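Trainee: Next comes the structure file data21.txt, holding compact mmCIF, C-alpha atoms and all ligand atoms.
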```txt
# COMPACT_ATOMS: atom_id res chain seq x y z
CA MET A 1 0.00 0.00 0.00
CA SER A 2 1.23 3.50 -0.66
CA GLU A 3 0.48 6.62 1.28
CA LEU A 4 0.51 10.14 -0.12
CA LEU A 5 1.25 12.97 2.31
CA ARG A 6 -0.09 16.31 1.14
CA GLY A 7 1.51 19.47 2.55
CA THR A 8 4.24 22.03 1.89
CA ILE A 9 7.51 20.23 1.17
CA LEU A 10 10.97 21.69 1.82
CA HIS A 11 14.23 19.78 1.47
CA THR A 12 17.76 20.16 0.13
CA ARG A 13 18.60 18.08 -2.93
CA TRP A 14 22.35 18.54 -2.51
CA ASN A 15 25.01 20.47 -0.60
CA PRO A 16 24.24 24.21 -1.02
CA PHE A 17 27.80 25.14 -0.04
CA LEU A 18 28.92 23.45 -3.28
CA ALA A 19 26.12 24.16 -5.77
CA ASP A 20 23.21 26.59 -6.07
CA ALA A 21 19.49 25.78 -6.26
CA ALA A 22 19.73 23.08 -3.60
CA LEU A 23 16.32 23.86 -2.10
CA GLU A 24 13.37 21.98 -3.56
CA HIS A 25 9.99 23.34 -2.56
CA PHE A 26 6.39 22.38 -3.33
CA ASP A 27 3.78 24.63 -1.81
CA ASP A 28 1.02 22.07 -2.38
CA GLY A 29 3.32 19.08 -2.35
CA GLY A 30 2.84 15.33 -2.46
CA LEU A 31 5.24 12.90 -0.81
CA LEU A 32 4.51 9.32 -1.80
CA ILE A 33 5.67 6.62 0.62
CA ARG A 34 5.79 3.00 -0.43
CA GLU A 35 7.27 0.24 1.74
CA GLY A 36 8.98 2.80 3.95
CA ARG A 37 10.68 4.58 1.06
CA ILE A 38 10.14 7.80 -0.84
CA ALA A 39 8.41 6.70 -4.03
CA ALA A 40 7.78 10.22 -5.39
CA CYS A 41 8.15 13.85 -4.33
CA GLY A 42 6.51 16.64 -6.34
CA GLU A 43 3.40 18.72 -6.88
CA TYR A 44 0.48 17.00 -5.15
CA ALA A 45 -1.74 17.05 -8.22
CA SER A 46 0.77 15.33 -10.46
CA VAL A 47 1.90 12.73 -7.87
CA ALA A 48 -1.78 11.94 -7.12
CA ARG A 49 -2.61 11.63 -10.81
CA ALA A 50 0.25 9.23 -11.46
CA ASN A 51 -0.62 7.13 -8.37
CA PRO A 52 -4.41 6.86 -8.20
CA GLU A 53 -4.21 3.89 -5.80
CA ALA A 54 -2.40 5.96 -3.13
CA LEU A 55 -4.27 6.97 -0.02
CA THR A 56 -3.92 10.73 0.64
CA ARG A 57 -3.30 12.06 4.11
CA ASP A 58 -4.17 15.73 4.04
CA LEU A 59 -1.63 17.74 6.03
CA ARG A 60 -2.20 21.04 4.29
CA GLY A 61 -1.23 24.02 6.41
CA GLY A 62 1.73 21.99 7.65
CA TYR A 63 5.31 21.48 6.46
CA LEU A 64 7.07 18.24 5.53
CA LEU A 65 10.82 18.32 6.09
CA PRO A 66 13.41 15.54 6.20
CA GLY A 67 13.88 14.27 9.76
CA PHE A 68 16.60 16.17 11.60
CA VAL A 69 20.00 14.56 12.17
CA ASP A 70 21.89 15.19 15.40
CA THR A 71 25.56 14.30 14.98
CA HIS A 72 26.61 14.82 18.60
CA ILE A 73 24.62 14.26 21.77
CA HIS A 74 25.16 12.56 25.16
CA PHE A 75 22.43 10.22 26.40
CA PRO A 76 23.27 10.42 30.15
CA GLN A 77 23.20 14.21 30.21
CA ILE A 78 19.48 15.11 29.94
CA ARG A 79 19.29 16.09 33.60
CA VAL A 80 22.32 18.41 33.47
CA ILE A 81 21.03 20.65 30.68
CA GLY A 82 21.32 24.25 31.84
CA GLY A 83 24.44 24.06 34.01
CA LEU A 84 25.65 27.53 33.07
CA GLY A 85 28.62 29.56 34.23
CA ARG A 86 31.48 27.06 33.92
CA HIS A 87 34.07 26.17 31.30
CA LEU A 88 34.31 22.61 29.95
CA LEU A 89 36.55 20.86 32.50
CA ASP A 90 34.80 22.48 35.44
CA TRP A 91 31.40 21.70 33.98
CA LEU A 92 32.38 18.06 33.46
CA GLU A 93 33.50 17.76 37.05
CA HIS A 94 30.54 19.51 38.66
CA HIS A 95 27.62 18.74 36.35
CA ALA A 96 28.13 16.03 33.74
CA LEU A 97 30.34 13.42 35.40
CA PRO A 98 28.43 13.01 38.71
CA GLU A 99 25.30 12.31 36.65
CA GLU A 100 27.22 9.98 34.30
CA ALA A 101 28.37 8.01 37.35
CA ARG A 102 24.69 7.44 38.26
CA MET A 103 24.35 5.37 35.09
CA ALA A 104 25.84 2.49 37.10
CA ASP A 105 22.25 2.11 38.32
CA LEU A 106 20.50 0.30 35.49
CA THR A 107 17.00 1.31 36.59
CA HIS A 108 18.01 4.95 36.44
CA ALA A 109 19.76 4.42 33.07
CA GLY A 110 16.64 2.75 31.61
CA ARG A 111 14.43 5.62 32.70
CA VAL A 112 16.81 8.22 31.26
CA ALA A 113 17.18 6.21 28.02
CA LYS A 114 13.40 6.28 27.45
CA ALA A 115 13.20 10.01 28.18
CA PHE A 116 16.17 10.56 25.88
CA THR A 117 14.80 8.75 22.83
CA ARG A 118 11.38 10.32 23.35
CA SER A 119 12.94 13.79 23.49
CA LEU A 120 14.80 13.18 20.23
CA ALA A 121 11.60 12.13 18.45
CA ALA A 122 9.52 14.91 20.02
CA ASN A 123 11.94 17.42 18.51
CA GLY A 124 11.81 15.95 15.02
CA THR A 125 15.16 14.17 15.17
CA THR A 126 15.09 10.86 13.29
CA THR A 127 18.80 10.01 13.32
CA ALA A 128 21.34 10.65 16.07
CA LEU A 129 24.96 9.82 16.77
CA VAL A 130 24.93 9.41 20.52
CA PHE A 131 27.51 9.12 23.28
CA GLY A 132 26.36 6.18 25.42
CA ALA A 133 27.31 5.66 29.06
CA HIS A 134 30.61 4.55 30.60
CA PHE A 135 28.84 1.31 31.59
CA GLY A 136 28.04 -1.53 29.21
CA ALA A 137 24.65 -2.29 30.78
CA ALA A 138 23.50 1.35 30.66
CA THR A 139 24.63 1.63 27.03
CA GLY A 140 22.62 -1.54 26.35
CA ALA A 141 19.61 0.19 27.95
CA LEU A 142 20.02 3.04 25.47
CA PHE A 143 20.13 0.60 22.52
CA GLU A 144 17.00 -1.14 23.84
CA ALA A 145 15.15 2.17 24.18
CA ALA A 146 16.37 3.15 20.71
CA ALA A 147 15.14 -0.12 19.22
CA SER A 148 11.68 0.40 20.76
CA SER A 149 11.58 4.03 19.64
CA GLY A 150 12.08 3.20 15.96
CA LEU A 151 14.71 5.95 15.60
CA ARG A 152 17.98 5.53 13.74
CA ILE A 153 20.56 5.53 16.52
CA LEU A 154 24.32 5.16 16.23
CA SER A 155 25.95 4.85 19.62
CA GLY A 156 28.55 3.17 21.75
CA MET A 157 29.87 2.72 25.25
CA VAL A 158 32.02 5.67 26.36
CA LEU A 159 35.62 4.60 27.04
CA SER A 160 38.04 6.25 29.49
CA ASP A 161 40.84 4.99 31.67
CA ARG A 162 42.46 8.07 33.13
CA LEU A 163 41.60 11.41 34.75
CA LEU A 164 37.89 12.25 35.13
CA ARG A 165 36.40 10.09 37.94
CA SER A 166 37.69 6.64 38.72
CA GLU A 167 34.11 5.20 38.78
CA LEU A 168 33.97 5.96 35.06
CA HIS A 169 37.15 4.07 34.17
CA GLN A 170 37.42 0.69 32.49
CA SER A 171 40.57 -1.33 31.99
CA PRO A 172 41.44 -1.75 28.29
CA GLU A 173 40.48 -5.44 28.61
CA GLN A 174 37.06 -4.61 30.04
CA ALA A 175 36.56 -1.87 27.43
CA TYR A 176 37.24 -4.44 24.71
CA ARG A 177 35.02 -7.11 26.26
CA ASP A 178 32.01 -4.85 26.92
CA SER A 179 32.26 -3.06 23.56
CA THR A 180 32.51 -6.35 21.67
CA ALA A 181 29.44 -7.71 23.44
CA LEU A 182 27.47 -4.56 22.54
CA ILE A 183 28.65 -4.67 18.92
CA ARG A 184 27.52 -8.31 18.60
CA GLU A 185 24.15 -7.54 20.12
CA TYR A 186 23.26 -4.25 18.45
CA HIS A 187 25.43 -3.31 15.43
CA GLY A 188 23.24 -3.63 12.36
CA ARG A 189 20.16 -4.71 14.32
CA GLY A 190 17.20 -2.88 12.78
CA ARG A 191 18.07 0.82 12.63
CA LEU A 192 20.94 0.62 15.14
CA LEU A 193 24.64 0.95 14.45
CA TYR A 194 27.61 0.85 16.80
CA ALA A 195 30.05 3.75 17.21
CA VAL A 196 33.38 3.30 19.01
CA THR A 197 33.45 6.16 21.53
CA PRO A 198 36.53 7.14 23.52
CA ARG A 199 35.35 10.17 25.52
CA PHE A 200 38.34 12.29 24.41
CA ALA A 201 42.09 11.86 24.13
CA LEU A 202 42.45 13.58 27.52
CA SER A 203 40.92 10.62 29.38
CA ALA A 204 42.28 7.84 27.16
CA SER A 205 45.58 6.00 27.54
CA GLU A 206 47.42 4.68 24.50
CA ALA A 207 46.27 1.18 25.50
CA ILE A 208 42.59 2.12 25.30
CA LEU A 209 43.10 3.95 22.00
CA GLU A 210 44.61 0.71 20.69
CA VAL A 211 41.47 -1.11 21.81
CA CYS A 212 39.43 1.42 19.81
CA GLN A 213 41.58 0.72 16.76
CA THR A 214 41.05 -3.03 17.13
CA LEU A 215 37.29 -2.59 17.51
CA MET A 216 37.19 -0.47 14.35
CA GLN A 217 39.18 -3.05 12.40
CA GLU A 218 37.21 -6.05 13.59
CA THR A 219 33.70 -5.06 12.48
CA GLU A 220 32.64 -3.68 9.14
CA GLY A 221 30.62 -0.48 9.24
CA VAL A 222 31.29 0.47 12.85
CA ARG A 223 31.40 4.27 13.25
CA PHE A 224 33.76 6.39 15.39
CA GLN A 225 33.06 9.48 17.51
CA SER A 226 35.00 11.59 19.97
CA HIS A 227 35.75 15.20 20.96
CA LEU A 228 38.45 17.38 19.40
CA ASN A 229 39.94 20.82 20.15
CA GLU A 230 37.04 22.11 22.24
CA ASN A 231 38.72 24.05 25.04
CA TRP A 232 42.20 25.58 25.41
CA LEU A 233 42.94 23.93 28.79
CA GLU A 234 41.91 20.55 27.38
CA ILE A 235 44.12 21.08 24.31
CA GLN A 236 47.18 22.04 26.40
CA GLU A 237 46.74 18.97 28.56
CA VAL A 238 46.39 16.66 25.54
CA ARG A 239 49.64 18.09 24.15
CA ARG A 240 51.35 17.34 27.46
CA LEU A 241 49.96 13.78 27.64
CA PHE A 242 50.87 12.88 24.05
CA PRO A 243 54.20 14.65 23.43
CA TRP A 244 54.83 12.52 20.32
CA ALA A 245 51.67 13.79 18.55
CA SER A 246 51.92 16.77 16.20
CA ASP A 247 48.57 18.01 17.51
CA TYR A 248 45.26 16.82 19.04
CA PHE A 249 43.93 15.17 15.86
CA GLY A 250 47.31 13.46 15.48
CA VAL A 251 46.52 11.38 18.59
CA TYR A 252 43.43 9.85 16.97
CA GLU A 253 45.14 9.56 13.58
CA ARG A 254 47.98 7.51 15.10
CA TYR A 255 45.39 4.79 15.92
CA GLY A 256 43.47 5.06 12.67
CA LEU A 257 40.56 6.72 14.49
CA CYS A 258 39.55 8.93 11.57
CA GLY A 259 37.98 8.55 8.14
CA PRO A 260 34.59 8.74 6.44
CA HIS A 261 32.91 6.96 9.36
CA ALA A 262 34.38 9.26 12.01
CA VAL A 263 32.78 12.36 13.54
CA MET A 264 34.74 14.72 15.79
CA ALA A 265 32.75 17.10 17.96
CA HIS A 266 33.63 20.80 18.14
CA ASN A 267 37.11 21.45 16.66
CA LEU A 268 36.93 25.11 17.66
CA HIS A 269 40.68 25.65 17.84
CA PRO A 270 42.36 23.64 15.07
CA ALA A 271 46.16 23.87 14.83
CA ALA A 272 47.92 24.49 11.53
CA GLY A 273 47.56 21.46 9.28
CA GLU A 274 44.76 19.75 11.22
CA LEU A 275 41.97 20.92 8.91
CA GLU A 276 43.80 19.65 5.84
CA ARG A 277 44.27 16.24 7.50
CA LEU A 278 40.63 16.09 8.61
CA ALA A 279 39.63 16.81 5.00
CA GLY A 280 42.23 14.41 3.58
CA THR A 281 40.93 11.55 5.73
CA ARG A 282 37.28 12.59 5.10
CA THR A 283 36.66 12.87 8.82
CA SER A 284 33.57 14.97 9.65
CA VAL A 285 33.17 17.66 12.28
CA SER A 286 30.05 18.14 14.38
CA HIS A 287 29.45 21.82 15.11
CA CYS A 288 27.55 22.36 18.38
CA PRO A 289 26.98 26.12 18.69
CA CYS A 290 24.65 26.13 21.74
CA SER A 291 27.18 24.14 23.73
CA ASN A 292 30.07 26.29 22.49
CA SER A 293 28.20 29.37 23.69
CA ALA A 294 27.02 27.91 27.00
CA LEU A 295 30.49 26.64 27.97
CA GLY A 296 32.26 29.68 26.47
CA SER A 297 34.40 27.26 24.47
CA GLY A 298 34.91 29.53 21.46
CA MET A 299 33.73 30.49 17.98
CA PHE A 300 33.62 27.77 15.34
CA PRO A 301 35.83 28.61 12.33
CA LEU A 302 33.26 27.36 9.80
CA ARG A 303 34.74 29.27 6.88
CA ARG A 304 38.18 27.73 7.46
CA HIS A 305 36.65 24.24 7.72
CA LEU A 306 34.75 24.62 4.46
CA GLU A 307 37.67 26.21 2.64
CA ALA A 308 39.84 23.27 3.69
CA GLY A 309 37.14 20.86 2.49
CA VAL A 310 36.11 19.49 5.91
CA HIS A 311 32.58 18.11 5.99
CA CYS A 312 30.55 19.78 8.78
CA ALA A 313 27.14 19.04 10.30
CA LEU A 314 25.27 20.04 13.46
CA GLY A 315 25.08 18.51 16.92
CA THR A 316 23.14 19.62 19.99
CA ASP A 317 25.73 18.30 22.49
CA VAL A 318 23.07 17.87 25.18
CA GLY A 319 23.76 18.51 28.08
CA GLY A 320 26.60 21.01 27.36
CA GLY A 321 24.10 22.15 24.74
CA THR A 322 20.76 23.51 25.82
CA GLY A 323 18.17 21.30 24.16
CA PHE A 324 17.24 18.71 21.55
CA GLY A 325 15.98 21.00 18.79
CA LEU A 326 18.01 21.08 15.58
CA PRO A 327 16.20 24.24 14.36
CA LYS A 328 17.42 26.04 17.50
CA GLU A 329 20.93 24.69 16.92
CA ALA A 330 20.87 25.88 13.31
CA LEU A 331 19.72 29.33 14.43
CA GLN A 332 22.54 29.52 16.97
CA ALA A 333 25.02 28.54 14.24
CA TYR A 334 23.67 31.43 12.19
CA PHE A 335 23.97 33.85 15.17
CA MET A 336 27.55 32.88 15.88
CA GLN A 337 28.64 33.17 12.27
CA ARG A 338 27.09 36.65 12.18
CA LEU A 339 29.14 37.67 15.20
CA ALA A 340 32.44 35.93 14.42
CA PRO A 341 35.05 38.24 12.86
CA GLU A 342 35.60 35.80 9.97
CA GLY A 343 32.04 34.49 10.08
CA LEU A 344 30.21 33.06 7.12
CA MET A 345 26.73 34.38 6.35
CA LEU A 346 24.46 31.35 6.56
CA ASP A 347 21.15 31.39 4.69
CA PRO A 348 18.12 29.23 5.56
CA VAL A 349 18.88 26.68 2.84
CA LYS A 350 22.38 26.08 4.19
CA LEU A 351 20.95 25.81 7.70
CA LEU A 352 18.39 23.22 6.59
CA TYR A 353 21.15 21.27 4.87
CA LEU A 354 23.33 21.37 8.01
CA ALA A 355 20.42 20.07 10.13
CA THR A 356 19.45 17.23 7.74
CA LEU A 357 21.44 15.94 4.76
CA ALA A 358 24.85 17.08 6.07
CA GLY A 359 24.23 15.09 9.25
CA ALA A 360 23.19 11.97 7.35
CA GLU A 361 26.35 12.28 5.25
CA ALA A 362 28.53 12.78 8.35
CA VAL A 363 27.33 9.53 9.94
CA GLY A 364 27.68 7.56 6.71
CA LEU A 365 23.95 7.44 5.94
CA GLY A 366 23.89 9.94 3.07
CA ALA A 367 22.58 7.32 0.66
CA THR A 368 19.82 6.30 3.08
CA ALA A 369 18.38 9.47 4.62
CA GLY A 370 18.67 13.27 4.82
CA ASN A 371 16.35 14.36 2.01
CA PHE A 372 13.39 13.26 -0.13
CA GLU A 373 15.31 11.73 -3.01
CA VAL A 374 13.35 8.85 -4.50
CA ASN A 375 14.27 5.49 -2.95
CA LYS A 376 15.65 6.96 0.24
CA ALA A 377 14.01 6.00 3.52
CA ALA A 378 10.91 8.06 4.36
CA ASP A 379 12.43 9.76 7.42
CA LEU A 380 10.49 12.96 7.94
CA VAL A 381 9.03 15.49 10.27
CA TYR A 382 5.63 17.11 9.84
CA LEU A 383 5.65 20.58 11.41
CA LYS A 384 2.66 22.82 11.95
CA ALA A 385 2.61 26.22 13.62
CA PRO A 386 0.17 26.36 16.54
CA VAL A 387 -2.93 28.41 15.76
CA GLU A 388 -2.38 32.14 16.34
CA SER A 389 1.28 31.61 17.23
CA PRO A 390 3.85 34.17 16.00
CA LEU A 391 5.14 31.45 13.64
CA ALA A 392 1.67 30.98 12.15
CA TYR A 393 1.50 34.73 11.45
CA SER A 394 5.02 34.82 9.99
CA LEU A 395 4.21 31.93 7.67
CA GLU A 396 1.02 33.66 6.56
CA LEU A 397 3.08 36.63 5.37
CA ALA A 398 6.10 34.73 4.01
CA GLU A 399 6.03 34.50 0.24
CA SER A 400 9.20 32.74 -0.81
CA PRO A 401 10.21 29.25 0.31
CA GLU A 402 13.40 30.73 1.79
CA THR A 403 11.42 33.17 3.93
CA LYS A 404 9.15 30.38 5.15
CA LEU A 405 12.16 28.27 6.00
CA ALA A 406 13.79 31.17 7.86
CA ALA A 407 10.60 31.67 9.90
CA ILE A 408 10.52 27.96 10.75
CA LEU A 409 14.20 27.79 11.72
CA ALA A 410 13.92 30.94 13.83
CA GLN A 411 10.75 29.92 15.66
CA ALA A 412 9.97 26.20 15.46
CA GLY A 413 10.17 24.53 18.86
CA PRO A 414 8.84 21.09 19.87
CA GLU A 415 5.28 22.51 20.00
CA THR A 416 5.36 22.62 16.19
CA VAL A 417 6.31 18.94 15.77
CA ARG A 418 3.11 17.04 14.91
CA GLU A 419 4.38 13.74 13.51
CA VAL A 420 7.75 12.11 13.02
CA ARG A 421 8.37 9.08 10.83
CA VAL A 422 11.29 6.79 10.17
CA GLU A 423 10.99 4.56 7.10
CA GLY A 424 7.40 5.77 6.92
CA GLU A 425 6.65 4.38 10.38
CA MET A 426 5.26 6.79 12.95
CA VAL A 427 7.81 7.22 15.76
CA TYR A 428 6.15 10.24 17.35
CA ARG A 429 2.74 11.82 17.14
CA ALA A 430 1.74 14.90 19.14
CA GLU A 431 -1.42 14.61 21.13
CA ALA A 432 -4.31 16.45 19.54
CA ALA A 433 -4.38 20.08 20.70
N1 LIG A 501 34.59 16.49 26.25
C1 LIG A 501 34.65 15.33 26.94
N2 LIG A 501 33.46 15.02 27.45
C2 LIG A 501 32.62 15.99 27.08
C3 LIG A 501 31.22 16.23 27.30
O1 LIG A 501 30.51 15.47 27.96
N3 LIG A 501 30.70 17.37 26.75
C4 LIG A 501 31.45 18.22 26.02
N4 LIG A 501 30.88 19.30 25.51
N5 LIG A 501 32.76 18.03 25.81
C5 LIG A 501 33.33 16.93 26.33
ZN ZN A 502 30.04 16.31 23.65
```
Reformat the file's structure so that it appears as C-alpha cells.

Mentor:
Amino acid sequence: MSELLRGTILHTRWNPFLADAALEHFDDGGLLIREGRIAACGEYASVARANPEALTRDLRGGYLLPGFVDTHIHFPQIRVIGGLGRHLLDWLEHHALPEEARMADLTHAGRVAKAFTRSLAANGTTTALVFGAHFGAATGALFEAAASSGLRILSGMVLSDRLLRSELHQSPEQAYRDSTALIREYHGRGRLLYAVTPRFALSASEAILEVCQTLMQETEGVRFQSHLNENWLEIQEVRRLFPWASDYFGVYERYGLCGPHAVMAHNLHPAAGELERLAGTRTSVSHCPCSNSALGSGMFPLRRHLEAGVHCALGTDVGGGTGFGLPKEALQAYFMQRLAPEGLMLDPVKLLYLATLAGAEAVGLGATAGNFEVNKAADLVYLKAPVESPLAYSLELAESPETKLAAILAQAGPETVREVRVEGEMVYRAEAA
C-alpha cells in the first residue's frame, strides 16, 4: 500500500555550499511513501494523478521536512542541561560526570534512556549519533530504548581509563570485552549501528586507543566518535599527555581513528595542518553552537573548515548544549557566524542542509536518509505552527520558500512537531491540541 502525504515540502537536494538551487519546494506538495521509502516527491496534483491507488493524508497548512539529524549528543546528560557559568573541564567535574556516574544504576539508566529517545523524536530528530554511558549495561539500555523508539541511533559505550572520575574508568580489557558484546548484540540490528566512543584523548591511555583501533578493524561499518579541540585547557593537557603527537587530531590519527565513518565534535581551535588532514581523511566535524556558547568554548571557524574541504554538520551536544531542537541549533550557528570576525553568512537553505542531509552524510547514511530523493528512507518530520502563534502569522506573510524556512528555523520549537516518521513508520505523534 502507498500513502501520499499532502503538505508544503521543503528539502535540500544537494550540498548548497557546493552548488546553487539546492532547495526543492512544493507549496502544495505530495510525498509518496511506499514500503517505507520515498516513491515520489513533487506537486500533489501530479503525484496523485500518477498514483491513483495511493491513499492521501491531508496535512495542508503543515510542512514536511526531512527528519533532523543530530551528529553529537550525550544520552546520560538530559538532567544536566542548563548548568551555566562554567568552562568545559569544570562543567564536566561539577555537572556532567556526577550524573554519568549514576548510570551504574540500570534502573536509572533505563528511565533516562526512554526520556532521551522520546525527546529526540519529540523534537523531530530521526537520526542521532549518541555518546552512550561509561557502563556496558546502561549503554545496552540506550540501545534497547532506541530499538523500541524506531529511531535511527548510532551509539557506543564511552571509554576512558584516566583522569575524570575513577568510577567511570574501564581497563582496556574490560573496554574491549564490553564493547565487543554490545557490537555483537546491536550493530546492524534494525536501525541501530555501533560507534566506538573514547570520551576524548584527555581521558584515554594509548592502551585504550589501541582497543578502539582493534574494535574499528574487527567489524565492518562500525562508526567512530569523539571530541576534538574544544577548550584551550583541554588542548594544552592533551599536548602534554601525548608529546609525540603533532597536535590533538594526530593522537586519533595515530590509531586510525579517523575517516569517512568518524565524527569529531567541536574542533573550535584547530592547529595548523589539522583541517587539511581532517579533510584528507574525510573525517567529519560536528558543530555544536549552543554548547560552544554555554560553555564559552569559542567560535567555530566554519569558513576555514569549508575552505579546507572538511565536511561539517550540526550537533546539539546535550547537556553542554541547551536542548534537543536542531532548528534552534541551526539558528545559533547562524547567530555565531554573524558575530564571528571571519564568520560566514548562513542562509536558511544552508541551515536546513546542516540540520538534515549534512548530518546523514557525516554519519555515513547519506545514501539512506537526509532528504526526499526517490528510494531513500521516508524519514520525515511534519511541522505545523500552533494556531495564532507568531510562527503561524510569519508563515502567513512569508512568500518565498526561503522566507518560510527562515521563519521555521527561527521559531519552530517542539510545540510545532506534529508527527515524526522513520521509514514511513510513525515514531512520534503529538497529542491532539
Ligand atoms: N569532552 C569530553 N566530554 C565531554 C562532554 O561530555 N561534553 C562536552 N561538551 N565536551 C566533552
Ligand atoms: Zn560532547

Trainee: So that I can see what lies close to Leu192 in chain A, please list as a ChimeraX atom specification the residues with an atom at most 10 Å from it, counting all atoms listed in the file and leaving out residues fewer than 3 positions away in the same chain.

Mentor: /A:127,143-144,146-147,150-155,186-189,195

Trainee: Would you output that residue set with C-alpha atoms, as a PDB file, keeping the file's coordinate frame?

Mentor:
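Just written: part.pdb:
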```pdb
ATOM      1  CA  THR A 127      18.800  10.010  13.320  1.00  0.00           C
ATOM      2  CA  PHE A 143      20.130   0.600  22.520  1.00  0.00           C
ATOM      3  CA  GLU A 144      17.000  -1.140  23.840  1.00  0.00           C
ATOM      4  CA  ALA A 146      16.370   3.150  20.710  1.00  0.00           C
ATOM      5  CA  ALA A 147      15.140  -0.120  19.220  1.00  0.00           C
ATOM      6  CA  GLY A 150      12.080   3.200  15.960  1.00  0.00           C
ATOM      7  CA  LEU A 151      14.710   5.950  15.600  1.00  0.00           C
ATOM      8  CA  ARG A 152      17.980   5.530  13.740  1.00  0.00           C
ATOM      9  CA  ILE A 153      20.560   5.530  16.520  1.00  0.00           C
ATOM     10  CA  LEU A 154      24.320   5.160  16.230  1.00  0.00           C
ATOM     11  CA  SER A 155      25.950   4.850  19.620  1.00  0.00           C
ATOM     12  CA  TYR A 186      23.260  -4.250  18.450  1.00  0.00           C
ATOM     13  CA  HIS A 187      25.430  -3.310  15.430  1.00  0.00           C
ATOM     14  CA  GLY A 188      23.240  -3.630  12.360  1.00  0.00           C
ATOM     15  CA  ARG A 189      20.160  -4.710  14.320  1.00  0.00           C
ATOM     16  CA  ALA A 195      30.050   3.750  17.210  1.00  0.00           C
TER      17      ALA A 195
END
```

Trainee: Name the residues in contact with Ala412 in chain A at a cut-off of 10 Å, using only C-alpha atoms, excluding same-chain residues fewer than 5 positions from it; report them as a list in words.

Mentor: Asn123, Gly325, Leu326, Pro327, Lys328, Leu383, Lys384, Ala385, Pro386, Leu391, Leu405, Ala406, Ala407 and Val417 of chain A

Trainee: Can you work out which one of A:Ala265, A:Val211, A:Leu55, A:Ala101 has the shortest atom-to-atom distance to ligand ZN 502 (chain A), counting only C-alpha atoms and all ligand atoms?

Mentor: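 Of A:Ala265, A:Val211, A:Leu55, A:Ala101, the one nearest ligand ZN 502 (chain A) is A:Ala265, counting only C-alpha atoms and all ligand atoms.
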
Trainee: If you count only C-alpha atoms, which residues fall within 12 Å of Thr180 in chain A, apart from same-chain ones fewer than 6 positions away, as JSON, numbers by chain?

Mentor: {"A": [136, 140, 156, 157, 173, 174, 186, 187, 194, 195, 196, 211, 212, 214, 215, 216, 217, 218, 219, 222]}

Trainee: Which is closer to Glu234 in chain A than all the others in A:Gln213, A:Pro390, A:Ala201, A:Ile208, using only C-alpha atoms?

Mentor: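 Result for the nearest residue to Glu234 in chain A: A:Ala201.
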
Trainee: Write out as an MDAnalysis selection string each polymer residue (protein, DNA or RNA) that has an atom no more than 7 Å from ligand LIG 501 (chain A), with only C-alpha atoms and all ligand atoms counted.

Mentor: chainID A and resid 74 88 92 96 199:200 227 230 291 317 320

Trainee: At a cut-off of 12 Å around ligand ZN 502 (chain A), and using only C-alpha atoms and all ligand atoms, what residues come up? Please write them as JSON, numbers by chain.

Mentor: {"A": [70, 71, 72, 73, 74, 75, 76, 77, 88, 89, 91, 92, 96, 129, 130, 131, 132, 158, 197, 198, 199, 200, 225, 226, 227, 228, 229, 230, 231, 263, 264, 265, 266, 267, 285, 286, 287, 288, 289, 290, 291, 292, 295, 297, 314, 315, 316, 317, 318, 319, 320, 321, 322]}

Trainee: Take the residues just selected and output them with C-alpha atoms as a short mmCIF file (atom, residue, chain, number, x, y, z; two decimals), in the frame of the given file.

Mentor:
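This is the output file selection.cif:
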```cif
data_model
loop_
_atom_site.label_atom_id
_atom_site.label_comp_id
_atom_site.auth_asym_id
_atom_site.auth_seq_id
_atom_site.Cartn_x
_atom_site.Cartn_y
_atom_site.Cartn_z
CA ASP A 70 21.89 15.19 15.40
CA THR A 71 25.56 14.30 14.98
CA HIS A 72 26.61 14.82 18.60
CA ILE A 73 24.62 14.26 21.77
CA HIS A 74 25.16 12.56 25.16
CA PHE A 75 22.43 10.22 26.40
CA PRO A 76 23.27 10.42 30.15
CA GLN A 77 23.20 14.21 30.21
CA LEU A 88 34.31 22.61 29.95
CA LEU A 89 36.55 20.86 32.50
CA TRP A 91 31.40 21.70 33.98
CA LEU A 92 32.38 18.06 33.46
CA ALA A 96 28.13 16.03 33.74
CA LEU A 129 24.96 9.82 16.77
CA VAL A 130 24.93 9.41 20.52
CA PHE A 131 27.51 9.12 23.28
CA GLY A 132 26.36 6.18 25.42
CA VAL A 158 32.02 5.67 26.36
CA THR A 197 33.45 6.16 21.53
CA PRO A 198 36.53 7.14 23.52
CA ARG A 199 35.35 10.17 25.52
CA PHE A 200 38.34 12.29 24.41
CA GLN A 225 33.06 9.48 17.51
CA SER A 226 35.00 11.59 19.97
CA HIS A 227 35.75 15.20 20.96
CA LEU A 228 38.45 17.38 19.40
CA ASN A 229 39.94 20.82 20.15
CA GLU A 230 37.04 22.11 22.24
CA ASN A 231 38.72 24.05 25.04
CA VAL A 263 32.78 12.36 13.54
CA MET A 264 34.74 14.72 15.79
CA ALA A 265 32.75 17.10 17.96
CA HIS A 266 33.63 20.80 18.14
CA ASN A 267 37.11 21.45 16.66
CA VAL A 285 33.17 17.66 12.28
CA SER A 286 30.05 18.14 14.38
CA HIS A 287 29.45 21.82 15.11
CA CYS A 288 27.55 22.36 18.38
CA PRO A 289 26.98 26.12 18.69
CA CYS A 290 24.65 26.13 21.74
CA SER A 291 27.18 24.14 23.73
CA ASN A 292 30.07 26.29 22.49
CA LEU A 295 30.49 26.64 27.97
CA SER A 297 34.40 27.26 24.47
CA LEU A 314 25.27 20.04 13.46
CA GLY A 315 25.08 18.51 16.92
CA THR A 316 23.14 19.62 19.99
CA ASP A 317 25.73 18.30 22.49
CA VAL A 318 23.07 17.87 25.18
CA GLY A 319 23.76 18.51 28.08
CA GLY A 320 26.60 21.01 27.36
CA GLY A 321 24.10 22.15 24.74
CA THR A 322 20.76 23.51 25.82
#
```
